[in-house]
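Everything below belongs to upload.pdb, which stores PDB, C-alpha atoms, pLDDT in the B column.
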```pdb
MODEL        1
ATOM      1  CA  LYS B   1       2.904 -22.383 -45.100  1.00 86.00           C
ATOM      2  CA  GLN B   2       4.781 -24.215 -42.353  1.00 92.00           C
ATOM      3  CA  GLU B   3       2.622 -26.226 -39.955  1.00 94.00           C
ATOM      4  CA  VAL B   4       3.959 -27.545 -36.674  1.00 97.00           C
ATOM      5  CA  THR B   5       2.200 -30.331 -34.791  1.00 97.00           C
ATOM      6  CA  GLN B   6       2.828 -31.692 -31.311  1.00 97.00           C
ATOM      7  CA  ILE B   7       1.395 -35.008 -30.206  1.00 93.00           C
ATOM      8  CA  PRO B   8       0.178 -35.863 -27.638  1.00 92.00           C
ATOM      9  CA  ALA B   9      -1.539 -32.720 -26.383  1.00 94.00           C
ATOM     10  CA  ALA B  10      -1.226 -33.977 -22.809  1.00 96.00           C
ATOM     11  CA  LEU B  11       0.895 -36.592 -21.067  1.00 96.00           C
ATOM     12  CA  SER B  12       0.963 -37.895 -17.490  1.00 97.00           C
ATOM     13  CA  VAL B  13       3.864 -40.021 -16.219  1.00 97.00           C
ATOM     14  CA  PRO B  14       5.092 -41.249 -12.828  1.00 97.00           C
ATOM     15  CA  GLU B  15       8.220 -39.653 -11.389  1.00 98.00           C
ATOM     16  CA  GLY B  16      11.470 -41.214 -12.562  1.00 97.00           C
ATOM     17  CA  GLU B  17      10.191 -42.302 -15.946  1.00 97.00           C
ATOM     18  CA  ASN B  18      12.014 -41.416 -19.164  1.00 97.00           C
ATOM     19  CA  LEU B  19       9.784 -39.807 -21.785  1.00 96.00           C
ATOM     20  CA  VAL B  20       9.752 -38.484 -25.341  1.00 97.00           C
ATOM     21  CA  LEU B  21       7.822 -35.508 -26.676  1.00 97.00           C
ATOM     22  CA  ASN B  22       7.205 -35.266 -30.398  1.00 97.00           C
ATOM     23  CA  CYS B  23       7.198 -32.335 -32.820  1.00 98.00           C
ATOM     24  CA  SER B  24       6.574 -32.575 -36.557  1.00 98.00           C
ATOM     25  CA  PHE B  25       6.790 -29.899 -39.240  1.00 97.00           C
ATOM     26  CA  THR B  26       5.673 -29.846 -42.858  1.00 96.00           C
ATOM     27  CA  ASP B  27       8.404 -27.763 -44.525  1.00 93.00           C
ATOM     28  CA  SER B  28      11.956 -29.040 -44.117  1.00 91.00           C
ATOM     29  CA  ALA B  29      13.473 -25.686 -45.171  1.00 93.00           C
ATOM     30  CA  ILE B  30      14.085 -24.540 -41.623  1.00 95.00           C
ATOM     31  CA  TYR B  31      16.999 -22.629 -40.162  1.00 94.00           C
ATOM     32  CA  ASN B  32      16.644 -24.056 -36.654  1.00 96.00           C
ATOM     33  CA  LEU B  33      14.254 -25.856 -34.307  1.00 97.00           C
ATOM     34  CA  GLN B  34      13.771 -24.681 -30.734  1.00 97.00           C
ATOM     35  CA  TRP B  35      12.197 -26.277 -27.662  1.00 98.00           C
ATOM     36  CA  PHE B  36      10.652 -24.253 -24.851  1.00 98.00           C
ATOM     37  CA  ARG B  37       8.784 -24.879 -21.636  1.00 97.00           C
ATOM     38  CA  GLN B  38       5.997 -22.685 -20.320  1.00 96.00           C
ATOM     39  CA  ASP B  39       4.819 -22.676 -16.724  1.00 95.00           C
ATOM     40  CA  PRO B  40       1.310 -21.398 -15.876  1.00 91.00           C
ATOM     41  CA  GLY B  41       1.095 -17.607 -15.928  1.00 87.00           C
ATOM     42  CA  LYS B  42       4.634 -17.276 -17.248  1.00 90.00           C
ATOM     43  CA  GLY B  43       6.423 -16.665 -20.505  1.00 92.00           C
ATOM     44  CA  LEU B  44       8.428 -19.279 -22.374  1.00 95.00           C
ATOM     45  CA  THR B  45      11.800 -20.551 -21.212  1.00 96.00           C
ATOM     46  CA  SER B  46      14.234 -21.649 -23.909  1.00 96.00           C
ATOM     47  CA  LEU B  47      15.475 -25.212 -23.415  1.00 97.00           C
ATOM     48  CA  LEU B  48      17.403 -26.197 -26.533  1.00 97.00           C
ATOM     49  CA  LEU B  49      18.106 -24.869 -30.014  1.00 97.00           C
ATOM     50  CA  ILE B  50      19.138 -27.205 -32.831  1.00 97.00           C
ATOM     51  CA  GLN B  51      20.593 -25.675 -35.990  1.00 95.00           C
ATOM     52  CA  SER B  52      19.456 -27.203 -39.268  1.00 95.00           C
ATOM     53  CA  SER B  53      22.939 -28.690 -39.785  1.00 94.00           C
ATOM     54  CA  GLN B  54      22.875 -30.460 -36.408  1.00 95.00           C
ATOM     55  CA  ARG B  55      21.250 -33.754 -35.427  1.00 95.00           C
ATOM     56  CA  GLU B  56      20.918 -33.259 -31.672  1.00 96.00           C
ATOM     57  CA  GLN B  57      21.601 -31.058 -28.671  1.00 97.00           C
ATOM     58  CA  THR B  58      21.871 -31.982 -25.006  1.00 97.00           C
ATOM     59  CA  SER B  59      21.441 -30.023 -21.803  1.00 96.00           C
ATOM     60  CA  GLY B  60      21.460 -31.936 -18.520  1.00 97.00           C
ATOM     61  CA  ARG B  61      18.596 -34.445 -18.560  1.00 98.00           C
ATOM     62  CA  LEU B  62      17.259 -33.078 -21.842  1.00 98.00           C
ATOM     63  CA  ASN B  63      18.188 -34.269 -25.312  1.00 98.00           C
ATOM     64  CA  ALA B  64      16.618 -32.918 -28.483  1.00 97.00           C
ATOM     65  CA  SER B  65      17.025 -34.502 -31.903  1.00 97.00           C
ATOM     66  CA  LEU B  66      16.259 -33.198 -35.370  1.00 97.00           C
ATOM     67  CA  ASP B  67      15.535 -35.110 -38.563  1.00 96.00           C
ATOM     68  CA  LYS B  68      14.877 -32.532 -41.269  1.00 94.00           C
ATOM     69  CA  SER B  69      14.228 -35.060 -44.006  1.00 92.00           C
ATOM     70  CA  SER B  70      11.329 -36.600 -42.121  1.00 95.00           C
ATOM     71  CA  GLY B  71      10.166 -33.294 -40.611  1.00 96.00           C
ATOM     72  CA  ARG B  72      10.505 -34.482 -37.026  1.00 97.00           C
ATOM     73  CA  SER B  73      12.082 -33.440 -33.759  1.00 98.00           C
ATOM     74  CA  THR B  74      11.928 -35.160 -30.394  1.00 97.00           C
ATOM     75  CA  LEU B  75      12.638 -33.966 -26.876  1.00 97.00           C
ATOM     76  CA  TYR B  76      13.834 -36.709 -24.560  1.00 98.00           C
ATOM     77  CA  ILE B  77      13.566 -36.107 -20.815  1.00 98.00           C
ATOM     78  CA  ALA B  78      15.458 -38.547 -18.615  1.00 98.00           C
ATOM     79  CA  ALA B  79      14.461 -39.454 -15.064  1.00 98.00           C
ATOM     80  CA  SER B  80      11.473 -37.115 -14.971  1.00 97.00           C
ATOM     81  CA  GLN B  81      10.782 -35.045 -11.854  1.00 98.00           C
ATOM     82  CA  PRO B  82       7.648 -33.237 -10.607  1.00 97.00           C
ATOM     83  CA  GLY B  83       9.408 -29.943 -11.398  1.00 97.00           C
ATOM     84  CA  ASP B  84       9.368 -30.930 -15.069  1.00 98.00           C
ATOM     85  CA  SER B  85       5.587 -30.477 -15.101  1.00 98.00           C
ATOM     86  CA  ALA B  86       4.863 -27.727 -17.640  1.00 98.00           C
ATOM     87  CA  THR B  87       3.762 -27.215 -21.222  1.00 97.00           C
ATOM     88  CA  TYR B  88       6.487 -27.955 -23.757  1.00 98.00           C
ATOM     89  CA  LEU B  89       6.461 -26.132 -27.082  1.00 98.00           C
ATOM     90  CA  CYS B  90       8.539 -26.541 -30.198  1.00 98.00           C
ATOM     91  CA  ALA B  91       9.108 -23.859 -32.826  1.00 97.00           C
ATOM     92  CA  ALA B  92      10.531 -24.078 -36.334  1.00 97.00           C
ATOM     93  CA  TYR B  93      12.352 -21.001 -37.635  1.00 95.00           C
ATOM     94  CA  GLY B  94      12.662 -20.187 -41.320  1.00 91.00           C
ATOM     95  CA  GLY B  95      12.043 -17.240 -43.647  1.00 86.00           C
ATOM     96  CA  ASN B  96      12.064 -14.708 -40.797  1.00 86.00           C
ATOM     97  CA  GLN B  97       9.189 -16.600 -39.209  1.00 90.00           C
ATOM     98  CA  PHE B  98       8.763 -18.666 -36.076  1.00 93.00           C
ATOM     99  CA  TYR B  99       6.092 -21.368 -36.333  1.00 95.00           C
ATOM    100  CA  PHE B 100       4.976 -22.833 -33.023  1.00 96.00           C
ATOM    101  CA  GLY B 101       3.140 -26.012 -32.172  1.00 96.00           C
ATOM    102  CA  THR B 102       0.257 -25.976 -29.680  1.00 94.00           C
ATOM    103  CA  GLY B 103       2.361 -27.762 -27.078  1.00 96.00           C
ATOM    104  CA  THR B 104       2.328 -30.889 -24.935  1.00 97.00           C
ATOM    105  CA  SER B 105       1.137 -30.451 -21.360  1.00 97.00           C
ATOM    106  CA  LEU B 106       3.291 -32.713 -19.168  1.00 98.00           C
ATOM    107  CA  THR B 107       2.385 -33.790 -15.638  1.00 98.00           C
ATOM    108  CA  VAL B 108       4.920 -35.760 -13.622  1.00 98.00           C
ATOM    109  CA  ILE B 109       3.221 -37.538 -10.728  1.00 97.00           C
ATOM    110  CA  PRO B 110       5.254 -37.851  -7.490  1.00 96.00           C
TER
ATOM    111  CA  GLU X   1      14.453 -13.268 -13.965  1.00 69.00           C
ATOM    112  CA  THR X   2      14.669 -13.718 -17.727  1.00 75.00           C
ATOM    113  CA  GLY X   3      16.184 -10.335 -18.548  1.00 94.00           C
ATOM    114  CA  VAL X   4      13.038  -9.347 -20.451  1.00 97.00           C
ATOM    115  CA  THR X   5      10.521  -7.218 -18.551  1.00 97.00           C
ATOM    116  CA  GLN X   6       6.982  -6.522 -19.693  1.00 98.00           C
ATOM    117  CA  THR X   7       4.593  -3.947 -18.263  1.00 97.00           C
ATOM    118  CA  PRO X   8       1.833  -3.920 -17.324  1.00 97.00           C
ATOM    119  CA  ARG X   9       1.254  -7.568 -16.355  1.00 96.00           C
ATOM    120  CA  HIS X  10      -2.506  -7.163 -16.657  1.00 97.00           C
ATOM    121  CA  LEU X  11      -4.570  -4.683 -18.652  1.00 96.00           C
ATOM    122  CA  VAL X  12      -8.322  -4.283 -18.964  1.00 94.00           C
ATOM    123  CA  MET X  13      -9.535  -1.791 -21.523  1.00 92.00           C
ATOM    124  CA  GLY X  14     -12.637  -0.800 -23.402  1.00 88.00           C
ATOM    125  CA  MET X  15     -12.892  -1.056 -27.154  1.00 86.00           C
ATOM    126  CA  THR X  16     -12.459   2.690 -27.627  1.00 85.00           C
ATOM    127  CA  ASN X  17      -9.430   3.125 -25.350  1.00 87.00           C
ATOM    128  CA  LYS X  18      -5.807   3.671 -26.390  1.00 93.00           C
ATOM    129  CA  LYS X  19      -3.079   1.970 -24.383  1.00 95.00           C
ATOM    130  CA  SER X  20       0.501   0.786 -24.869  1.00 97.00           C
ATOM    131  CA  LEU X  21       2.357  -2.340 -23.845  1.00 98.00           C
ATOM    132  CA  LYS X  22       6.023  -1.984 -22.962  1.00 98.00           C
ATOM    133  CA  CYS X  23       8.900  -4.433 -23.233  1.00 98.00           C
ATOM    134  CA  GLU X  24      12.467  -3.868 -22.071  1.00 98.00           C
ATOM    135  CA  GLN X  25      15.401  -6.257 -22.408  1.00 97.00           C
ATOM    136  CA  HIS X  26      18.654  -6.058 -20.452  1.00 94.00           C
ATOM    137  CA  LEU X  27      20.515  -8.735 -22.417  1.00 96.00           C
ATOM    138  CA  GLY X  28      22.187  -6.660 -25.110  1.00 95.00           C
ATOM    139  CA  HIS X  29      20.190  -8.451 -27.801  1.00 96.00           C
ATOM    140  CA  ASN X  30      19.638  -7.023 -31.280  1.00 95.00           C
ATOM    141  CA  ALA X  31      16.289  -8.607 -32.165  1.00 95.00           C
ATOM    142  CA  MET X  32      12.916  -8.228 -30.450  1.00 96.00           C
ATOM    143  CA  TYR X  33       9.535  -9.820 -31.086  1.00 96.00           C
ATOM    144  CA  TRP X  34       5.848  -9.452 -30.238  1.00 96.00           C
ATOM    145  CA  TYR X  35       3.679 -12.581 -29.987  1.00 96.00           C
ATOM    146  CA  LYS X  36       0.001 -13.194 -29.303  1.00 96.00           C
ATOM    147  CA  GLN X  37      -0.983 -16.299 -27.308  1.00 96.00           C
ATOM    148  CA  SER X  38      -4.648 -17.315 -27.327  1.00 94.00           C
ATOM    149  CA  ALA X  39      -6.132 -20.375 -25.675  1.00 89.00           C
ATOM    150  CA  LYS X  40      -5.909 -23.579 -27.714  1.00 84.00           C
ATOM    151  CA  LYS X  41      -4.045 -21.829 -30.564  1.00 91.00           C
ATOM    152  CA  PRO X  42      -0.358 -21.819 -31.482  1.00 92.00           C
ATOM    153  CA  LEU X  43       1.714 -18.835 -30.484  1.00 94.00           C
ATOM    154  CA  GLU X  44       1.372 -16.230 -33.265  1.00 94.00           C
ATOM    155  CA  LEU X  45       4.328 -14.088 -34.273  1.00 94.00           C
ATOM    156  CA  MET X  46       3.118 -10.504 -34.815  1.00 95.00           C
ATOM    157  CA  PHE X  47       6.206  -8.364 -35.370  1.00 94.00           C
ATOM    158  CA  VAL X  48       9.965  -8.808 -35.594  1.00 93.00           C
ATOM    159  CA  TYR X  49      12.544  -6.065 -35.168  1.00 93.00           C
ATOM    160  CA  SER X  50      16.228  -6.498 -35.904  1.00 89.00           C
ATOM    161  CA  LEU X  51      18.616  -3.631 -35.093  1.00 85.00           C
ATOM    162  CA  GLU X  52      15.547  -1.422 -34.599  1.00 82.00           C
ATOM    163  CA  GLU X  53      14.265  -2.106 -38.119  1.00 84.00           C
ATOM    164  CA  ARG X  54      11.004  -3.993 -38.602  1.00 85.00           C
ATOM    165  CA  VAL X  55      11.785  -7.124 -40.594  1.00 80.00           C
ATOM    166  CA  GLU X  56       8.462  -8.901 -40.423  1.00 73.00           C
ATOM    167  CA  ASN X  57       4.831  -7.892 -40.070  1.00 72.00           C
ATOM    168  CA  ASN X  58       2.498 -10.844 -40.273  1.00 75.00           C
ATOM    169  CA  SER X  59      -0.685  -9.236 -41.586  1.00 83.00           C
ATOM    170  CA  VAL X  60      -1.511  -7.855 -38.175  1.00 92.00           C
ATOM    171  CA  PRO X  61      -4.514  -5.478 -38.056  1.00 92.00           C
ATOM    172  CA  SER X  62      -3.567  -1.801 -38.025  1.00 92.00           C
ATOM    173  CA  ARG X  63      -5.145  -1.379 -34.584  1.00 94.00           C
ATOM    174  CA  PHE X  64      -1.831  -2.857 -33.354  1.00 95.00           C
ATOM    175  CA  SER X  65       1.102  -0.505 -33.931  1.00 94.00           C
ATOM    176  CA  PRO X  66       4.646  -1.467 -32.883  1.00 95.00           C
ATOM    177  CA  GLU X  67       7.454   0.911 -32.039  1.00 95.00           C
ATOM    178  CA  CYS X  68      11.121   0.134 -31.417  1.00 95.00           C
ATOM    179  CA  PRO X  69      12.923   3.340 -30.385  1.00 94.00           C
ATOM    180  CA  ASN X  70      16.169   1.506 -29.562  1.00 93.00           C
ATOM    181  CA  SER X  71      17.449  -2.047 -29.314  1.00 91.00           C
ATOM    182  CA  SER X  72      16.434  -2.349 -25.642  1.00 95.00           C
ATOM    183  CA  HIS X  73      12.828  -1.196 -25.845  1.00 97.00           C
ATOM    184  CA  LEU X  74       9.777  -2.335 -27.744  1.00 97.00           C
ATOM    185  CA  PHE X  75       6.248  -0.996 -27.520  1.00 97.00           C
ATOM    186  CA  LEU X  76       2.908  -2.192 -28.816  1.00 97.00           C
ATOM    187  CA  HIS X  77       0.393   0.627 -29.181  1.00 97.00           C
ATOM    188  CA  LEU X  78      -3.244  -0.457 -29.033  1.00 95.00           C
ATOM    189  CA  HIS X  79      -6.332   1.392 -30.219  1.00 92.00           C
ATOM    190  CA  THR X  80      -9.928   0.471 -31.019  1.00 92.00           C
ATOM    191  CA  LEU X  81      -9.401  -3.179 -30.119  1.00 92.00           C
ATOM    192  CA  GLN X  82     -11.975  -5.937 -30.510  1.00 93.00           C
ATOM    193  CA  PRO X  83     -13.040  -8.590 -27.958  1.00 93.00           C
ATOM    194  CA  GLU X  84     -11.152 -11.266 -29.953  1.00 94.00           C
ATOM    195  CA  ASP X  85      -7.934  -9.360 -29.228  1.00 95.00           C
ATOM    196  CA  SER X  86      -8.128 -10.516 -25.604  1.00 96.00           C
ATOM    197  CA  ALA X  87      -5.046 -12.709 -25.128  1.00 96.00           C
ATOM    198  CA  LEU X  88      -1.619 -12.968 -23.541  1.00 97.00           C
ATOM    199  CA  TYR X  89       0.866 -10.748 -25.377  1.00 98.00           C
ATOM    200  CA  LEU X  90       4.457 -11.915 -25.099  1.00 97.00           C
ATOM    201  CA  CYS X  91       7.652 -10.086 -25.888  1.00 98.00           C
ATOM    202  CA  ALA X  92      10.905 -11.869 -26.649  1.00 97.00           C
ATOM    203  CA  SER X  93      14.457 -10.981 -27.600  1.00 97.00           C
ATOM    204  CA  SER X  94      17.403 -12.800 -29.142  1.00 96.00           C
ATOM    205  CA  GLN X  95      20.999 -11.961 -29.985  1.00 96.00           C
ATOM    206  CA  VAL X  96      20.210 -12.113 -33.693  1.00 92.00           C
ATOM    207  CA  ALA X  97      16.934 -12.604 -35.560  1.00 90.00           C
ATOM    208  CA  GLY X  98      15.984 -16.280 -35.367  1.00 92.00           C
ATOM    209  CA  GLY X  99      18.339 -17.001 -32.493  1.00 94.00           C
ATOM    210  CA  ARG X 100      17.616 -18.437 -29.086  1.00 95.00           C
ATOM    211  CA  GLN X 101      14.754 -16.392 -27.654  1.00 95.00           C
ATOM    212  CA  HIS X 102      14.269 -15.061 -24.152  1.00 96.00           C
ATOM    213  CA  PHE X 103      10.676 -14.257 -23.223  1.00 97.00           C
ATOM    214  CA  GLY X 104       9.039 -11.889 -20.795  1.00 97.00           C
ATOM    215  CA  ASP X 105       6.136 -13.050 -18.638  1.00 95.00           C
ATOM    216  CA  GLY X 106       3.611 -11.305 -20.855  1.00 96.00           C
ATOM    217  CA  THR X 107       0.742  -8.862 -20.536  1.00 97.00           C
ATOM    218  CA  ARG X 108      -2.699 -10.406 -20.035  1.00 97.00           C
ATOM    219  CA  LEU X 109      -5.021  -8.174 -22.049  1.00 96.00           C
ATOM    220  CA  SER X 110      -8.804  -8.203 -21.629  1.00 95.00           C
ATOM    221  CA  ILE X 111     -11.054  -6.180 -23.918  1.00 93.00           C
ATOM    222  CA  LEU X 112     -14.471  -5.316 -22.523  1.00 88.00           C
TER
ENDMDL
END
```
Would you write out, as structure tokens, the structure that this file holds?
Amino acid sequence: KQEVTQIPAALSVPEGENLVLNCSFTDSAIYNLQWFRQDPGKGLTSLLLIQSSQREQTSGRLNASLDKSSGRSTLYIAASQPGDSATYLCAAYGGNQFYFGTGTSLTVIP
Amino acid sequence: ETGVTQTPRHLVMGMTNKKSLKCEQHLGHNAMYWYKQSAKKPLELMFVYSLEERVENNSVPSRFSPECPNSSHLFLHLHTLQPEDSALYLCASSQVAGGRQHFGDGTRLSIL
């Protein structure tokens, strides 16, 4: 069964810093890898989707990479802002299943 | 506004009650999902519907019964729930199964 892990569970950085969030998965037979953010009391907001044939995707200050062979994905956030404070979740999709990590809670300090 | 609307936002019910959660999407998507989110646990996929057909049922107890009458609406019928069923229930949709998902804000369910 696919297992998805996100480390660290929590991260605090000063405003303006660049940062990397990590996501690892045990089964490389995935169809895609998705990154989401979740604000308190809200549902998930889709950030980026990387197909299994792709290596990275970019949207604004966000860049996500995928290395299937090593079972890893990273989300790079450039020039962090207080509005980036949220929980970030990754999900691996394969076999009609979405497998989520438990998330990284990010706090950006003004 | 995500285009996915869930009602009610909060629900408190006794173990013997019957209630339903509703999800509606205005995005023209063909796939819809129910998830359970409990504290300190990964999001759990419960049911997947694609073109109104159930394509996945992840060993969810029968006290949860999904219904997808059309591609825009998804229901989760609840009966005889247990205290451990208290959680945030999220609905999502995507253009195709496995595609980029759009989530509603969820229903916070509390079982007394």
Can you give me, as a PDB file with C-alpha atoms, in the coordinates of the input, the residues this file yields under the PyMOL selection byres ((chain X and resi 108) around 7)?
```
ATOM      1  CA  ARG X   9       1.254  -7.568 -16.355  1.00 96.00           C
ATOM      2  CA  HIS X  10      -2.506  -7.163 -16.657  1.00 97.00           C
ATOM      3  CA  LEU X  11      -4.570  -4.683 -18.652  1.00 96.00           C
ATOM      4  CA  ALA X  87      -5.046 -12.709 -25.128  1.00 96.00           C
ATOM      5  CA  LEU X  88      -1.619 -12.968 -23.541  1.00 97.00           C
ATOM      6  CA  TYR X  89       0.866 -10.748 -25.377  1.00 98.00           C
ATOM      7  CA  GLY X 106       3.611 -11.305 -20.855  1.00 96.00           C
ATOM      8  CA  THR X 107       0.742  -8.862 -20.536  1.00 97.00           C
ATOM      9  CA  LEU X 109      -5.021  -8.174 -22.049  1.00 96.00           C
ATOM     10  CA  SER X 110      -8.804  -8.203 -21.629  1.00 95.00           C
TER      11      SER X 110
END
```
Atomic separation - CA of His77 in chain X relative to CA of Phe36 in chain B, Å:
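Separation of CA of Phe36 in chain B and CA of His77 in chain X: 27.3 Å.
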Give me, as a ChimeraX atom specification, the residues of chain X touching chain B, with the criterion being at most 9 Å (counting all atoms listed in the file).
/X:2,40-45,48,55-56,58,90-92,97-106
Those selected residues, please, written with C-alpha atoms and delivered as an mmCIF file, in the coordinates of the input.
```cif
data_model
loop_
_atom_site.group_PDB
_atom_site.id
_atom_site.type_symbol
_atom_site.label_atom_id
_atom_site.label_comp_id
_atom_site.auth_asym_id
_atom_site.auth_seq_id
_atom_site.Cartn_x
_atom_site.Cartn_y
_atom_site.Cartn_z
ATOM 1 C CA THR X 2 14.669 -13.718 -17.727
ATOM 2 C CA LYS X 40 -5.909 -23.579 -27.714
ATOM 3 C CA LYS X 41 -4.045 -21.829 -30.564
ATOM 4 C CA PRO X 42 -0.358 -21.819 -31.482
ATOM 5 C CA LEU X 43 1.714 -18.835 -30.484
ATOM 6 C CA GLU X 44 1.372 -16.230 -33.265
ATOM 7 C CA LEU X 45 4.328 -14.088 -34.273
ATOM 8 C CA VAL X 48 9.965 -8.808 -35.594
ATOM 9 C CA VAL X 55 11.785 -7.124 -40.594
ATOM 10 C CA GLU X 56 8.462 -8.901 -40.423
ATOM 11 C CA ASN X 58 2.498 -10.844 -40.273
ATOM 12 C CA LEU X 90 4.457 -11.915 -25.099
ATOM 13 C CA CYS X 91 7.652 -10.086 -25.888
ATOM 14 C CA ALA X 92 10.905 -11.869 -26.649
ATOM 15 C CA ALA X 97 16.934 -12.604 -35.560
ATOM 16 C CA GLY X 98 15.984 -16.280 -35.367
ATOM 17 C CA GLY X 99 18.339 -17.001 -32.493
ATOM 18 C CA ARG X 100 17.616 -18.437 -29.086
ATOM 19 C CA GLN X 101 14.754 -16.392 -27.654
ATOM 20 C CA HIS X 102 14.269 -15.061 -24.152
ATOM 21 C CA PHE X 103 10.676 -14.257 -23.223
ATOM 22 C CA GLY X 104 9.039 -11.889 -20.795
ATOM 23 C CA ASP X 105 6.136 -13.050 -18.638
ATOM 24 C CA GLY X 106 3.611 -11.305 -20.855
#
```
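Closest approach to Cys68 in chain X among X:Tyr33, X:Leu112, X:Gly28, X:Ser86: X:Tyr33, based on all atoms listed in the file.
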Considering only C-alpha atoms, return as a ChimeraX atom specification whatever protein or nucleic-acid residues lie within 7 Å of Ser73 in chain B, sequence-local ones (same chain, fewer than 4 positions apart) excluded.
/B:22-24,64-67
When the PyMOL selection byres ((chain B and resi 85) around 6) is applied to the file above, which residues end up in the set, as a ChimeraX atom specification?
/B:82-84,86,106-108
Separation of CA of Phe47 in chain X from CA of Val60 in chain X in Å
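We find that CA of Val60 in chain X and CA of Phe47 in chain X lie 8.2 Å from each other.
Shown here are all protein and nucleic acid residues lying within 10 Å of (-15.9, -1.8, -24.2), with only C-alpha atoms considered: Val12, Met13, Gly14, Met15, Thr16, Asn17, Thr80, Leu81, Gln82, Pro83, Ser110, Ile111 and Leu112 of chain X.
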Pick from X:Gly3, X:Trp34, X:Val96, X:Cys23 nearest to Asn57 in chain X, counting all atoms listed in the file:
X:Trp34
Can you tell me, as a tab-separated table (two decimals) with C-alpha atoms, in the coordinates of the input, what residues are no more than 8 Å from Pro69 in chain X when counting only C-alpha atoms, ignoring any on the same chain fewer than 3 positions away?
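Ended up saving to around.tsv:
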```tsv
chain	number	residue	atom	x	y	z
X	52	GLU	CA	15.55	-1.42	-34.60
X	73	HIS	CA	12.83	-1.20	-25.84
X	74	LEU	CA	9.78	-2.34	-27.74
```
Point-to-point distance from CA of Gln2 in chain B to CA of Ala39 in chain X, Å rounded to tenths:
20.3 Å
B:Ser28, B:Gln54, B:Ser69, B:Thr74: which is nearest Cys90 in chain B, counting all atoms listed in the file?
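Closest to Cys90 in chain B, using all atoms listed in the file: B:Thr74.
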Range 47-61 of chain X, all listed atoms, 4 Å padding on each side: what axis-aligned box centre and edge lengths in Å to one decimal come out, as JSON?
```
{"center_x": 7.1, "center_y": -6.1, "center_z": -38.1, "size_x": 31.1, "size_y": 17.4, "size_z": 15.0}
```
Picked residues, the PyMOL selection byres ((chain X and resi 26) around 7), as a ChimeraX atom specification
/X:3-4,24-25,27-28,72
